[in-house]
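Report on the following structure.
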Amino acid sequence: MRIWAIANQKGGVGKTTTTVSLGSLLAESGQRVLLVDMDPHASLSGYVGVESVGGGSVYDLFGVNGDVVEAASLVQATKFERLSVLPASPAMITLDRQLGARSGMGLVLSTSLGMLANDFDYVLIDCPPTLGVLMVNALAACQRMLIPTQTEALALAGLGRMLRSLSMIERSRGMPLRRRIVPTLFDARTHASRACLAELRETHGDLVTQTVIPVDTQIREASATGVPLAWWPAARRGGDAYRKLLQELLALQAAHEASGDARAEDAA
Ligand SMILES: Nc1ncnc2c1ncn2[C@@H]1O[C@H](COP(=O)(O)OP(=O)(O)OP(=O)(O)O)[C@@H](O)[C@H]1O
Ligand SMILES: [Mg+2]
């Protein structure tokens, strides 16, 4: 089972869109995919038409009131073949406060997903835009991390914050986490977007994916309609970009797995 986390402390940069897009493309290609919604706002759950009401959510994995619920009983099918969801609920917003003083809470998701290892080929974890127990759990559970980064000046500061948090988390993981920065919401017509992409490449080099996700107004339409964008014909530009991104990430993963090691320069 491969586990990817999609995270950035900056809000509105395309994390949820990227998670749903890549997850649905993997499902389309025959993989059994689980999307994990770690954001209390539950936008991913809403996007794919799943509600946690009564059915439990990521919240229940943490056993706040003493009862730990197994992940398998929380997973819900979506209307899309091979695409399942572990939904979010608003109660998750209280986890940081409730778990603040308890130790050992950073590996809850990792342990829960371990029990699903035979059920899914890929797990994609959509993170909230805040550094807290939920993001820490996601980054402890994954083998790879994607950092969608909007191509605008403010987002670069957000990226800096995310990378600093990541170094902190890596120290407690004891090993580096393979990561890639994915430029999103790119508008080739604006100087600001082009300058920002150039700066990203200049500063972060190969950590930035070759594929850039363009602004495509149909992406919002697709999510409002609850259709993953690769299957929303009007969002052809966005859909094509995500297909290309997936191919790039799979090639990278295959190269890492073939080399079979965890050399520091690859991990970066
Ligand atoms: N490439 C794009 N072109 C146009 N609109 C986009 C694109 N990517 C995402 N959006 C839209 O921008 C908004 C934010 O995207 P999304 O929800 O994926 O970001 P997020 O990083 O998950 O946000 P949050 O931090 O609030 O969870 C959504 O309305 C989405 O439909
Ligand atoms: Mg989101």
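Every chain in the structure tokens takes a letter, A first, then B, and so on in the order presented; its residues are numbered from 1, and the ligands are numbered from 1 following the presented order.
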
Original post:
Within 6 Å of stretch 28-35 of chain A, counting only C-alpha atoms, which residues qualify if same-chain residues fewer than 6 places away don't, as an MDAnalysis selection string?
Top reply: chainID A and resid 82:85 120:125

Original post:
Please, which residues have at least one atom within 10 Å of an atom of ligand 1, using only C-alpha atoms and all ligand atoms, listed as a PyMOL selection string?
Top reply: chain A and resi 6-21+38-44+47+126-130+147-150+183-187+212-224+229+235+237-239+241-242

**OP:** Quick one: everything within 12 Å of A:Glu199, counting only C-alpha atoms, minus sequence neighbours fewer than 3 positions away in the same chain. Send it as a PyMOL selection string.
**Re:** chain A and resi 151-153+155-157+183+192-196+202-205+208

Subject >> strand (DSSP E) residues, from DSSP on the backbone, in stretch 134-248 of chain A, as number ranges by chain >> reply: A: 144-150, 178-184

**OP:** From a DSSP pass on the backbone, collect the residues of stretch 45-209 of chain A flagged as alpha helix (DSSP H) and hand them back as a PyMOL selection string.
**Re:** chain A and resi 45-47+95-99+108-114+133-141+153-173+191-204

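By only C-alpha atoms, and with residues fewer than 4 positions from stretch 71-79 of chain A along its chain excluded, the set lying at most 8 Å from it is Val48, Gly49, Val50, Gly55, Gly56, Ser57, Val58, Leu61, Leu83, Ser84, Val85, Leu86, Pro87, Ser112, Leu113, Met115 and Leu116 of chain A.
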
With all heavy atoms retained, export the selected residues as a CSV table (one decimal), in the first residue's frame.
chain,number,residue,atom,x,y,z
A,48,VAL,N,-16.9,14.3,-2.7
A,48,VAL,CA,-17.2,13.0,-3.3
A,48,VAL,C,-18.6,12.5,-2.8
A,48,VAL,O,-18.9,11.3,-2.9
A,48,VAL,CB,-16.1,12.0,-3.1
A,48,VAL,CG1,-14.9,12.3,-3.9
A,48,VAL,CG2,-15.8,11.8,-1.6
A,49,GLY,N,-19.3,13.3,-2.1
A,49,GLY,CA,-20.7,13.0,-1.7
A,49,GLY,C,-20.8,12.0,-0.6
A,49,GLY,O,-21.8,11.2,-0.5
A,50,VAL,N,-19.9,12.2,0.4
A,50,VAL,CA,-20.0,11.3,1.6
A,50,VAL,C,-20.1,12.1,2.8
A,50,VAL,O,-19.4,13.1,3.0
A,50,VAL,CB,-18.7,10.4,1.7
A,50,VAL,CG1,-18.5,9.8,3.0
A,50,VAL,CG2,-18.6,9.4,0.6
A,55,GLY,N,-22.1,7.9,10.8
A,55,GLY,CA,-21.2,6.9,10.3
A,55,GLY,C,-19.8,7.0,10.8
A,55,GLY,O,-18.9,6.1,10.5
A,56,GLY,N,-19.5,7.9,11.7
A,56,GLY,CA,-18.2,8.0,12.2
A,56,GLY,C,-17.2,8.7,11.3
A,56,GLY,O,-17.5,8.9,10.1
A,57,SER,N,-16.1,9.1,11.8
A,57,SER,CA,-15.1,9.9,11.0
A,57,SER,C,-13.7,9.6,11.5
A,57,SER,O,-13.5,8.9,12.5
A,57,SER,CB,-15.4,11.4,11.0
A,57,SER,OG,-14.9,11.9,12.3
A,58,VAL,N,-12.7,10.3,10.9
A,58,VAL,CA,-11.3,10.2,11.4
A,58,VAL,C,-11.3,10.4,12.9
A,58,VAL,O,-10.4,9.8,13.6
A,58,VAL,CB,-10.5,11.2,10.6
A,58,VAL,CG1,-9.1,11.4,11.3
A,58,VAL,CG2,-10.3,10.8,9.2
A,61,LEU,N,-10.9,7.5,15.3
A,61,LEU,CA,-9.7,6.7,15.4
A,61,LEU,C,-8.9,7.0,16.6
A,61,LEU,O,-8.1,6.3,17.1
A,61,LEU,CB,-8.8,7.0,14.1
A,61,LEU,CG,-9.4,6.7,12.8
A,61,LEU,CD1,-8.4,7.1,11.7
A,61,LEU,CD2,-9.7,5.2,12.6
A,83,LEU,N,-13.2,3.8,-5.5
A,83,LEU,CA,-12.8,5.0,-4.7
A,83,LEU,C,-13.6,5.0,-3.4
A,83,LEU,O,-14.8,5.2,-3.4
A,83,LEU,CB,-13.1,6.2,-5.6
A,83,LEU,CG,-12.5,7.5,-5.1
A,83,LEU,CD1,-11.0,7.5,-5.2
A,83,LEU,CD2,-13.1,8.7,-5.9
A,84,SER,N,-12.8,4.9,-2.3
A,84,SER,CA,-13.5,5.0,-1.0
A,84,SER,C,-13.0,6.1,-0.2
A,84,SER,O,-11.9,6.7,-0.5
A,84,SER,CB,-13.2,3.7,-0.2
A,84,SER,OG,-13.6,2.5,-0.9
A,85,VAL,N,-13.7,6.5,0.9
A,85,VAL,CA,-13.3,7.6,1.7
A,85,VAL,C,-13.4,7.3,3.2
A,85,VAL,O,-14.3,6.6,3.6
A,85,VAL,CB,-14.3,8.8,1.4
A,85,VAL,CG1,-14.0,10.0,2.3
A,85,VAL,CG2,-14.2,9.2,0.0
A,86,LEU,N,-12.4,7.8,3.9
A,86,LEU,CA,-12.5,7.8,5.4
A,86,LEU,C,-12.9,9.3,5.7
A,86,LEU,O,-12.0,10.2,5.5
A,86,LEU,CB,-11.2,7.4,6.0
A,86,LEU,CG,-11.1,6.7,7.3
A,86,LEU,CD1,-9.7,6.2,7.6
A,86,LEU,CD2,-11.6,7.6,8.4
A,87,PRO,N,-14.1,9.5,6.0
A,87,PRO,CA,-14.6,10.9,6.1
A,87,PRO,C,-14.1,11.7,7.3
A,87,PRO,O,-13.7,11.2,8.3
A,87,PRO,CB,-16.1,10.8,6.1
A,87,PRO,CG,-16.4,9.4,6.6
A,87,PRO,CD,-15.2,8.6,6.3
A,112,SER,N,-3.7,2.9,12.2
A,112,SER,CA,-5.0,2.5,11.6
A,112,SER,C,-4.9,2.1,10.2
A,112,SER,O,-5.6,1.1,9.7
A,112,SER,CB,-6.0,3.7,11.7
A,112,SER,OG,-6.1,4.1,13.0
A,113,LEU,N,-4.1,2.8,9.4
A,113,LEU,CA,-4.0,2.5,8.0
A,113,LEU,C,-3.3,1.2,7.8
A,113,LEU,O,-3.6,0.4,6.8
A,113,LEU,CB,-3.3,3.6,7.2
A,113,LEU,CG,-4.0,5.0,7.1
A,113,LEU,CD1,-3.1,6.0,6.4
A,113,LEU,CD2,-5.3,4.8,6.4
A,115,MET,N,-3.8,-1.4,9.3
A,115,MET,CA,-4.8,-2.5,9.3
A,115,MET,C,-5.5,-2.6,8.0
A,115,MET,O,-6.3,-3.6,7.8
A,115,MET,CB,-5.7,-2.3,10.5
A,115,MET,CG,-5.0,-2.5,11.8
A,115,MET,SD,-6.2,-2.6,13.1
A,115,MET,CE,-5.6,-1.2,14.2
A,116,LEU,N,-5.4,-1.6,7.1
A,116,LEU,CA,-6.1,-1.7,5.8
A,116,LEU,C,-5.2,-2.1,4.7
A,116,LEU,O,-5.5,-2.0,3.5
A,116,LEU,CB,-6.7,-0.3,5.5
A,116,LEU,CG,-7.7,0.2,6.6
A,116,LEU,CD1,-8.1,1.6,6.2
A,116,LEU,CD2,-8.9,-0.7,6.6
